[in-house]
Amino acid sequence: MAVSSKKTARAVVEIDRVIGKGEQYGAIDDVINDPVLAGPLKTPRWWWVGFAIAMTFLGVYLTSIIYLITKGTGVWGNNVPVAWGFPIINFVWWIGIGHAGTLISAILLLFRQPWRTSINRFAEAMTIFAVVCAGLYPILHLGRPWVFYWLAPYPNTLGLFPQFRSPLDWDLFAISTYGSVSVLFWYIGLIPDLASLRDRAASSFQRLLYGTLCLGWNGSAKAWQRYQRAYLLLAALSFPLVLSVHSTIALDFAVSQVPGWNNTVMPPYFVAGAVFAGFAMVIILAVPLRKAFGLEHLITLRHLDNCGKLMLGTGMVVLYGYTVELFMAWYSGVEFERYMAFNRVFGNDHWWAFWLLIACNGLAIQPLWLRSVRQSPFWLFVISIIVSIGMWLERFVIVAITLTKDFLPSSWADYKATFWDWSLYLGSLGLFATLFFLFIRLLPSISGTEVKELVHHDAHHGSDYLEDIRADFFQEGKTGEAGA
Amino acid sequence: MSEASTLRADLAGSELFGLAAEFNTPEEILAAANRARETGYKKIEAYTPYAVEGLDEALGHQPTRLGWVVLFMGTLGALGGFFMQWFSNVQYYPLNIGGKPLNSWPNFIVITFECAVLVSAFTAGLFMLARNGLPKPYHSIFNTPNFEHASRDKFFLCIETADQNFDLERTKQFLEDQMPNQVSEVEL
């Protein structure tokens, strides 16, 4: 292609391409579908090992839930004044992780970023599983989880409606909408790939399974036309939705009068933190996944590089949020706000959490300015783990430490998580991992149809048409040849 | 085209769904679709592994009206969401919460928005499936030989017998003139 010669040479040539050079439709299909269609006995050993570990933690999760329901929420460290301990910390942590999936699948689609294509599918799956883990926390936190449906408006003999002015009920609507729309978006995206699995099925069971799931998709031009419009609309709807969900969660805090929570910076700062944590999780999942399934030419260094950039960008926004929070505490002149800020940063009991969080979310991401770090899967993986820990600490500082010392010194008390707090948290990681292992085994973790579309595009417009447009823009008089 | 299938088609011409031509590239099928439309065929459809840009126009399909349906339903969702909160707080069970007015609409914005998104998203997804006739496990086009490649790397153009210009011999000749891999009869 004449177009690609316009680009300047770079140290790593591969990053110019979103997918490997010269991919063919059939070859893409095989790479994506073969691991899914392989018989049960051909499941790789690493999958069994990983699945077994995940199931063990899932067992821990179920045990913790059974114990919790039997004994009541007293098994946790939650108490007055820290009534929102681990359950809410972990709830916010999980839902934040989910947001990167929607960002990749919806927002980057609307912004016509072709590099999203091979990572959107598993990022969306990550979103759904993270929402499952997140959504269970507030329900368990209710104390009587079996009556959680009281939150929903439905005709009942008491003639009562839920309190619609409460952010906690906003949460119910935001999260249930987010969860169900994410599942729909994911499933609609899967349909053509499920049809491709149906046509490639090795056994009659697989043909029945994927044939049923794909609903009889035949890929007619009219169907594609409606499908693409529906997909675009779903993306356009998910964009404001994802911003609203974490804003609503931030409003749970901001609408209260607790010093440190009653803060207008909360919604945007929470959204940035969510995307930050989410991209870290995308990298944590992508690095082993591309290695294990040999997908290096579909999930390229370019993808990791871009995820690293987004992580750095959102991380800096979050760091700005911390600064503004402290500044506003001082600038407000409110004694309680100032003491809260002092207690977070220098307080006797938990100062380490704040500084560890700054180290994780502020310092650890700085190497991402270097391209060599962004293109090293190992270092990206390490930094992402650190960021995940940092974002958990952030919620710990905001939720638990803020509550330990509020207005009245007589009601101050420390917060200590119990064994069951930890077991439920580790267990929820097990739930997430179990679902993810099942997903990568049973469904294609890369969208084959979208990659094929990209290959087609590649053949016509060069590897990245945005770069071509940019190149055209900066080299006047050389336009015209890109639009083949 | 084997002799047996030609014979079968001749014997039971009315039991054909149409004639399908198989192409290797999206460019070929685009050109063929354009020519089919220009020749005067109306009941034509293409089956491709991914959405080929411009194919719907080449086949003479009208643009989808899905967006308007979604806009309408989304508005309905927003109105319904607001009504639910207004009705319960102002009419059905008025409660004084912190001295706020009963119709304290800024508090209702989040749920109104979420209801609008929920209804529009499910309209977009389910309406698309319904208009495409899904779920529909059986479709005559699946009888096309090699059609399992329609989801992989081949592009099929089908002229249906329902077309008023359809004539087994002439249509077959027309399709063969487009230089496909093969032209096959698709049974109902």
# chains A, B, ... in the order shown; residues from 1 in each chain; ligands from 1
$ interface_residues --of "chain A" --to "chain B" --cutoff "6 Å" --atoms "only C-alpha atoms" --output "list in words"
Tyr25, Gly26, Arg165, Trp170, Ala174, Thr177, Ser196, Asp199, Leu215, Gly216, Gly219, Ser220, Ala221, Ala223, Trp224, Arg226, Ala230, Leu234 and Thr449 of chain A
$ write_last_selection --atoms "N, CA, C and O atoms" --output "PDB file, in the first residue's frame"
ATOM      1  N   TYR A  25      -9.178 -13.927   6.314  1.00  0.00           N
ATOM      2  CA  TYR A  25     -10.431 -14.154   7.038  1.00  0.00           C
ATOM      3  C   TYR A  25     -10.475 -15.515   7.716  1.00  0.00           C
ATOM      4  O   TYR A  25     -10.804 -15.640   8.884  1.00  0.00           O
ATOM      5  N   GLY A  26     -10.135 -16.543   6.939  1.00  0.00           N
ATOM      6  CA  GLY A  26     -10.233 -17.886   7.475  1.00  0.00           C
ATOM      7  C   GLY A  26      -9.275 -18.125   8.629  1.00  0.00           C
ATOM      8  O   GLY A  26      -9.623 -18.731   9.631  1.00  0.00           O
ATOM      9  N   ARG A 165     -35.925   9.579  46.489  1.00  0.00           N
ATOM     10  CA  ARG A 165     -35.014  10.713  46.665  1.00  0.00           C
ATOM     11  C   ARG A 165     -33.663  10.256  47.217  1.00  0.00           C
ATOM     12  O   ARG A 165     -32.755  11.061  47.370  1.00  0.00           O
ATOM     13  N   TRP A 170     -31.187   5.296  43.691  1.00  0.00           N
ATOM     14  CA  TRP A 170     -30.606   5.639  42.378  1.00  0.00           C
ATOM     15  C   TRP A 170     -29.622   4.545  41.984  1.00  0.00           C
ATOM     16  O   TRP A 170     -29.557   4.142  40.831  1.00  0.00           O
ATOM     17  N   ALA A 174     -29.347   2.532  38.595  1.00  0.00           N
ATOM     18  CA  ALA A 174     -28.148   2.703  37.780  1.00  0.00           C
ATOM     19  C   ALA A 174     -27.472   1.359  37.544  1.00  0.00           C
ATOM     20  O   ALA A 174     -27.113   1.011  36.418  1.00  0.00           O
ATOM     21  N   THR A 177     -29.629  -1.154  35.471  1.00  0.00           N
ATOM     22  CA  THR A 177     -29.624  -0.750  34.066  1.00  0.00           C
ATOM     23  C   THR A 177     -28.274  -1.052  33.440  1.00  0.00           C
ATOM     24  O   THR A 177     -28.185  -1.626  32.346  1.00  0.00           O
ATOM     25  N   SER A 196     -20.808 -17.986  13.509  1.00  0.00           N
ATOM     26  CA  SER A 196     -19.584 -18.535  12.947  1.00  0.00           C
ATOM     27  C   SER A 196     -19.178 -19.815  13.686  1.00  0.00           C
ATOM     28  O   SER A 196     -18.720 -20.780  13.065  1.00  0.00           O
ATOM     29  N   ASP A 199     -21.381 -22.669  12.456  1.00  0.00           N
ATOM     30  CA  ASP A 199     -20.999 -23.199  11.155  1.00  0.00           C
ATOM     31  C   ASP A 199     -19.708 -23.994  11.212  1.00  0.00           C
ATOM     32  O   ASP A 199     -19.393 -24.731  10.281  1.00  0.00           O
ATOM     33  N   LEU A 215     -29.338 -17.559  17.485  1.00  0.00           N
ATOM     34  CA  LEU A 215     -30.716 -17.231  17.127  1.00  0.00           C
ATOM     35  C   LEU A 215     -31.009 -17.399  15.640  1.00  0.00           C
ATOM     36  O   LEU A 215     -32.002 -16.882  15.149  1.00  0.00           O
ATOM     37  N   GLY A 216     -30.132 -18.096  14.919  1.00  0.00           N
ATOM     38  CA  GLY A 216     -30.379 -18.296  13.497  1.00  0.00           C
ATOM     39  C   GLY A 216     -29.844 -17.174  12.624  1.00  0.00           C
ATOM     40  O   GLY A 216     -30.359 -16.914  11.541  1.00  0.00           O
ATOM     41  N   GLY A 219     -26.529 -13.509   8.430  1.00  0.00           N
ATOM     42  CA  GLY A 219     -25.604 -12.526   7.865  1.00  0.00           C
ATOM     43  C   GLY A 219     -26.099 -11.849   6.605  1.00  0.00           C
ATOM     44  O   GLY A 219     -25.306 -11.436   5.773  1.00  0.00           O
ATOM     45  N   SER A 220     -27.416 -11.703   6.457  1.00  0.00           N
ATOM     46  CA  SER A 220     -27.909 -11.019   5.256  1.00  0.00           C
ATOM     47  C   SER A 220     -27.627  -9.522   5.366  1.00  0.00           C
ATOM     48  O   SER A 220     -27.474  -8.983   6.463  1.00  0.00           O
ATOM     49  N   ALA A 221     -27.553  -8.882   4.198  1.00  0.00           N
ATOM     50  CA  ALA A 221     -27.168  -7.468   4.189  1.00  0.00           C
ATOM     51  C   ALA A 221     -28.154  -6.616   4.968  1.00  0.00           C
ATOM     52  O   ALA A 221     -27.781  -5.665   5.649  1.00  0.00           O
ATOM     53  N   ALA A 223     -29.989  -7.637   7.498  1.00  0.00           N
ATOM     54  CA  ALA A 223     -29.762  -7.919   8.913  1.00  0.00           C
ATOM     55  C   ALA A 223     -28.544  -7.150   9.418  1.00  0.00           C
ATOM     56  O   ALA A 223     -28.564  -6.567  10.501  1.00  0.00           O
ATOM     57  N   TRP A 224     -27.483  -7.111   8.605  1.00  0.00           N
ATOM     58  CA  TRP A 224     -26.275  -6.390   9.000  1.00  0.00           C
ATOM     59  C   TRP A 224     -26.551  -4.902   9.134  1.00  0.00           C
ATOM     60  O   TRP A 224     -26.028  -4.239  10.031  1.00  0.00           O
ATOM     61  N   ARG A 226     -29.396  -3.384   9.961  1.00  0.00           N
ATOM     62  CA  ARG A 226     -30.096  -3.116  11.228  1.00  0.00           C
ATOM     63  C   ARG A 226     -29.179  -3.380  12.414  1.00  0.00           C
ATOM     64  O   ARG A 226     -29.183  -2.665  13.401  1.00  0.00           O
ATOM     65  N   ALA A 230     -28.224  -0.858  15.349  1.00  0.00           N
ATOM     66  CA  ALA A 230     -28.538  -1.178  16.740  1.00  0.00           C
ATOM     67  C   ALA A 230     -27.273  -1.142  17.593  1.00  0.00           C
ATOM     68  O   ALA A 230     -27.275  -0.625  18.717  1.00  0.00           O
ATOM     69  N   LEU A 234     -26.605   1.240  20.698  1.00  0.00           N
ATOM     70  CA  LEU A 234     -26.284   0.713  22.030  1.00  0.00           C
ATOM     71  C   LEU A 234     -25.015   1.357  22.558  1.00  0.00           C
ATOM     72  O   LEU A 234     -24.907   1.685  23.743  1.00  0.00           O
ATOM     73  N   THR A 449     -15.899 -11.158  13.624  1.00  0.00           N
ATOM     74  CA  THR A 449     -16.469 -10.348  12.547  1.00  0.00           C
ATOM     75  C   THR A 449     -15.840  -8.967  12.504  1.00  0.00           C
ATOM     76  O   THR A 449     -15.546  -8.443  11.436  1.00  0.00           O
TER      77      THR A 449
END
$ residues_around --residues "Ala54 in chain A" --least-positions-apart "4" --cutoff "7 Å" --atoms "only C-alpha atoms" --output "count of residues only"
5
$ atom_distance --atom1 "CA of Ala78 in chain B" --atom2 "CA of Ile88 in chain A"
29.0 Å
$ closest_residue --among "A:Ile191, A:Ala280, A:Leu151, A:Met391" --to "Asp169 in chain A" --atoms "only C-alpha atoms"
A:Leu151
$ residues_around --residues "Arg371 in chain A" --least-positions-apart "3" --cutoff "12 Å" --atoms "only C-alpha atoms" --output "compact mmCIF listing (two decimals) with C-alpha atoms, in the first residue's frame"
# COMPACT_ATOMS: atom_id res chain seq x y z
CA ARG A 10 9.39 3.79 14.38
CA ALA A 11 11.45 1.73 16.75
CA VAL A 12 8.79 -0.98 17.02
CA ILE A 15 2.68 -0.90 16.92
CA LEU A 301 1.66 -4.24 21.48
CA ARG A 302 -0.26 -1.35 20.00
CA LEU A 304 -1.20 -2.59 25.27
CA ASP A 305 0.54 0.66 24.44
CA ASN A 306 -2.79 2.48 24.09
CA CYS A 307 -4.15 0.95 27.29
CA GLY A 308 -1.02 2.13 29.03
CA LYS A 309 -1.53 5.66 27.71
CA LEU A 312 -1.52 7.11 32.57
CA GLN A 366 5.00 7.43 35.96
CA PRO A 367 7.19 4.92 34.05
CA LEU A 368 4.29 4.72 31.56
CA ARG A 374 4.19 0.68 27.67
CA GLN A 375 5.30 -1.95 25.18
CA SER A 376 6.59 -4.37 27.75
CA PRO A 377 3.78 -6.76 28.72
CA TRP A 379 6.02 -4.19 33.23
CA LEU A 380 2.50 -3.24 32.20
$ atom_distance --atom1 "CA of Phe51 in chain A" --atom2 "CA of Trp422 in chain A"
20.9 Å
$ select_by_dssp --residues "chain B" --states "strand (DSSP E)" --output "number ranges by chain"
B: 16-23, 44-47, 155-160, 182-187
$ select_by_dssp --residues "range 311-402 of chain A" --states "alpha helix (DSSP H)" --output "PyMOL selection string"
chain A and resi 311-332+335-346+351-358+371-374+377-396+402
$ residues_around --residues "range 177-186 of chain B" --least-positions-apart "2" --cutoff "9 Å" --atoms "only C-alpha atoms" --output "count of residues only"
32
$ decode --residues "range 52-79 of chain B" --atoms "N, CA, C and O atoms" --output "PDB file, in the first residue's frame"
ATOM      1  N   VAL B  52     -20.547  -5.437   5.006  1.00  0.00           N
ATOM      2  CA  VAL B  52     -19.797  -4.831   3.912  1.00  0.00           C
ATOM      3  C   VAL B  52     -20.406  -3.460   3.631  1.00  0.00           C
ATOM      4  O   VAL B  52     -21.603  -3.340   3.396  1.00  0.00           O
ATOM      5  N   GLU B  53     -19.550  -2.457   3.705  1.00  0.00           N
ATOM      6  CA  GLU B  53     -20.036  -1.093   3.555  1.00  0.00           C
ATOM      7  C   GLU B  53     -20.642  -0.893   2.167  1.00  0.00           C
ATOM      8  O   GLU B  53     -20.045  -1.249   1.163  1.00  0.00           O
ATOM      9  N   GLY B  54     -21.825  -0.325   2.121  1.00  0.00           N
ATOM     10  CA  GLY B  54     -22.447   0.013   0.850  1.00  0.00           C
ATOM     11  C   GLY B  54     -23.235  -1.115   0.222  1.00  0.00           C
ATOM     12  O   GLY B  54     -23.908  -0.918  -0.788  1.00  0.00           O
ATOM     13  N   LEU B  55     -23.181  -2.307   0.811  1.00  0.00           N
ATOM     14  CA  LEU B  55     -23.875  -3.445   0.208  1.00  0.00           C
ATOM     15  C   LEU B  55     -25.388  -3.270   0.278  1.00  0.00           C
ATOM     16  O   LEU B  55     -26.113  -3.630  -0.644  1.00  0.00           O
ATOM     17  N   ASP B  56     -25.863  -2.698   1.385  1.00  0.00           N
ATOM     18  CA  ASP B  56     -27.312  -2.504   1.514  1.00  0.00           C
ATOM     19  C   ASP B  56     -27.827  -1.542   0.445  1.00  0.00           C
ATOM     20  O   ASP B  56     -28.884  -1.747  -0.133  1.00  0.00           O
ATOM     21  N   GLU B  57     -27.044  -0.517   0.148  1.00  0.00           N
ATOM     22  CA  GLU B  57     -27.456   0.416  -0.908  1.00  0.00           C
ATOM     23  C   GLU B  57     -27.388  -0.251  -2.277  1.00  0.00           C
ATOM     24  O   GLU B  57     -28.267  -0.051  -3.122  1.00  0.00           O
ATOM     25  N   ALA B  58     -26.331  -1.038  -2.473  1.00  0.00           N
ATOM     26  CA  ALA B  58     -26.182  -1.723  -3.757  1.00  0.00           C
ATOM     27  C   ALA B  58     -27.362  -2.631  -4.025  1.00  0.00           C
ATOM     28  O   ALA B  58     -27.789  -2.798  -5.170  1.00  0.00           O
ATOM     29  N   LEU B  59     -27.914  -3.239  -2.965  1.00  0.00           N
ATOM     30  CA  LEU B  59     -29.038  -4.145  -3.132  1.00  0.00           C
ATOM     31  C   LEU B  59     -30.355  -3.400  -3.192  1.00  0.00           C
ATOM     32  O   LEU B  59     -31.418  -3.990  -3.388  1.00  0.00           O
ATOM     33  N   GLY B  60     -30.310  -2.095  -2.975  1.00  0.00           N
ATOM     34  CA  GLY B  60     -31.518  -1.289  -3.024  1.00  0.00           C
ATOM     35  C   GLY B  60     -32.327  -1.319  -1.743  1.00  0.00           C
ATOM     36  O   GLY B  60     -33.521  -1.039  -1.743  1.00  0.00           O
ATOM     37  N   HIS B  61     -31.672  -1.661  -0.605  1.00  0.00           N
ATOM     38  CA  HIS B  61     -32.395  -1.653   0.672  1.00  0.00           C
ATOM     39  C   HIS B  61     -32.611  -0.226   1.153  1.00  0.00           C
ATOM     40  O   HIS B  61     -31.734   0.629   0.995  1.00  0.00           O
ATOM     41  N   GLN B  62     -33.758  -0.001   1.744  1.00  0.00           N
ATOM     42  CA  GLN B  62     -34.028   1.305   2.354  1.00  0.00           C
ATOM     43  C   GLN B  62     -33.232   1.432   3.653  1.00  0.00           C
ATOM     44  O   GLN B  62     -32.951   0.428   4.297  1.00  0.00           O
ATOM     45  N   PRO B  63     -32.884   2.658   4.037  1.00  0.00           N
ATOM     46  CA  PRO B  63     -32.213   2.815   5.331  1.00  0.00           C
ATOM     47  C   PRO B  63     -33.132   2.369   6.473  1.00  0.00           C
ATOM     48  O   PRO B  63     -34.348   2.493   6.364  1.00  0.00           O
ATOM     49  N   THR B  64     -32.525   1.865   7.542  1.00  0.00           N
ATOM     50  CA  THR B  64     -33.338   1.393   8.660  1.00  0.00           C
ATOM     51  C   THR B  64     -33.903   2.570   9.459  1.00  0.00           C
ATOM     52  O   THR B  64     -33.276   3.614   9.562  1.00  0.00           O
ATOM     53  N   ARG B  65     -35.091   2.363  10.015  1.00  0.00           N
ATOM     54  CA  ARG B  65     -35.715   3.417  10.825  1.00  0.00           C
ATOM     55  C   ARG B  65     -35.552   3.154  12.314  1.00  0.00           C
ATOM     56  O   ARG B  65     -36.256   3.720  13.140  1.00  0.00           O
ATOM     57  N   LEU B  66     -34.628   2.255  12.615  1.00  0.00           N
ATOM     58  CA  LEU B  66     -34.441   1.839  14.008  1.00  0.00           C
ATOM     59  C   LEU B  66     -34.216   3.027  14.932  1.00  0.00           C
ATOM     60  O   LEU B  66     -34.755   3.084  16.040  1.00  0.00           O
ATOM     61  N   GLY B  67     -33.430   4.011  14.468  1.00  0.00           N
ATOM     62  CA  GLY B  67     -33.104   5.163  15.316  1.00  0.00           C
ATOM     63  C   GLY B  67     -34.329   5.906  15.803  1.00  0.00           C
ATOM     64  O   GLY B  67     -34.416   6.290  16.967  1.00  0.00           O
ATOM     65  N   TRP B  68     -35.326   6.056  14.918  1.00  0.00           N
ATOM     66  CA  TRP B  68     -36.532   6.795  15.316  1.00  0.00           C
ATOM     67  C   TRP B  68     -37.329   6.015  16.335  1.00  0.00           C
ATOM     68  O   TRP B  68     -37.885   6.600  17.277  1.00  0.00           O
ATOM     69  N   VAL B  69     -37.382   4.688  16.132  1.00  0.00           N
ATOM     70  CA  VAL B  69     -38.105   3.860  17.094  1.00  0.00           C
ATOM     71  C   VAL B  69     -37.459   3.977  18.476  1.00  0.00           C
ATOM     72  O   VAL B  69     -38.142   4.132  19.492  1.00  0.00           O
ATOM     73  N   VAL B  70     -36.114   3.943  18.473  1.00  0.00           N
ATOM     74  CA  VAL B  70     -35.394   4.028  19.745  1.00  0.00           C
ATOM     75  C   VAL B  70     -35.618   5.389  20.399  1.00  0.00           C
ATOM     76  O   VAL B  70     -35.837   5.485  21.609  1.00  0.00           O
ATOM     77  N   LEU B  71     -35.616   6.438  19.593  1.00  0.00           N
ATOM     78  CA  LEU B  71     -35.843   7.768  20.148  1.00  0.00           C
ATOM     79  C   LEU B  71     -37.229   7.850  20.790  1.00  0.00           C
ATOM     80  O   LEU B  71     -37.386   8.344  21.910  1.00  0.00           O
ATOM     81  N   PHE B  72     -38.220   7.311  20.094  1.00  0.00           N
ATOM     82  CA  PHE B  72     -39.586   7.345  20.606  1.00  0.00           C
ATOM     83  C   PHE B  72     -39.683   6.563  21.920  1.00  0.00           C
ATOM     84  O   PHE B  72     -40.203   7.061  22.920  1.00  0.00           O
ATOM     85  N   MET B  73     -39.138   5.347  21.917  1.00  0.00           N
ATOM     86  CA  MET B  73     -39.243   4.512  23.110  1.00  0.00           C
ATOM     87  C   MET B  73     -38.432   5.087  24.269  1.00  0.00           C
ATOM     88  O   MET B  73     -38.836   4.988  25.426  1.00  0.00           O
ATOM     89  N   GLY B  74     -37.291   5.688  23.949  1.00  0.00           N
ATOM     90  CA  GLY B  74     -36.473   6.299  24.997  1.00  0.00           C
ATOM     91  C   GLY B  74     -37.207   7.449  25.667  1.00  0.00           C
ATOM     92  O   GLY B  74     -37.184   7.599  26.893  1.00  0.00           O
ATOM     93  N   THR B  75     -37.899   8.260  24.846  1.00  0.00           N
ATOM     94  CA  THR B  75     -38.685   9.357  25.403  1.00  0.00           C
ATOM     95  C   THR B  75     -39.779   8.802  26.302  1.00  0.00           C
ATOM     96  O   THR B  75     -40.026   9.307  27.399  1.00  0.00           O
ATOM     97  N   LEU B  76     -40.403   7.729  25.821  1.00  0.00           N
ATOM     98  CA  LEU B  76     -41.449   7.083  26.614  1.00  0.00           C
ATOM     99  C   LEU B  76     -40.871   6.572  27.935  1.00  0.00           C
ATOM    100  O   LEU B  76     -41.494   6.709  28.993  1.00  0.00           O
ATOM    101  N   GLY B  77     -39.670   6.006  27.881  1.00  0.00           N
ATOM    102  CA  GLY B  77     -39.012   5.506  29.094  1.00  0.00           C
ATOM    103  C   GLY B  77     -38.746   6.628  30.077  1.00  0.00           C
ATOM    104  O   GLY B  77     -38.978   6.484  31.284  1.00  0.00           O
ATOM    105  N   ALA B  78     -38.277   7.757  29.562  1.00  0.00           N
ATOM    106  CA  ALA B  78     -37.982   8.893  30.444  1.00  0.00           C
ATOM    107  C   ALA B  78     -39.268   9.398  31.087  1.00  0.00           C
ATOM    108  O   ALA B  78     -39.326   9.625  32.302  1.00  0.00           O
ATOM    109  N   LEU B  79     -40.315   9.553  30.276  1.00  0.00           N
ATOM    110  CA  LEU B  79     -41.586  10.043  30.819  1.00  0.00           C
ATOM    111  C   LEU B  79     -42.134   9.049  31.848  1.00  0.00           C
ATOM    112  O   LEU B  79     -42.581   9.448  32.925  1.00  0.00           O
TER     113      LEU B  79
END
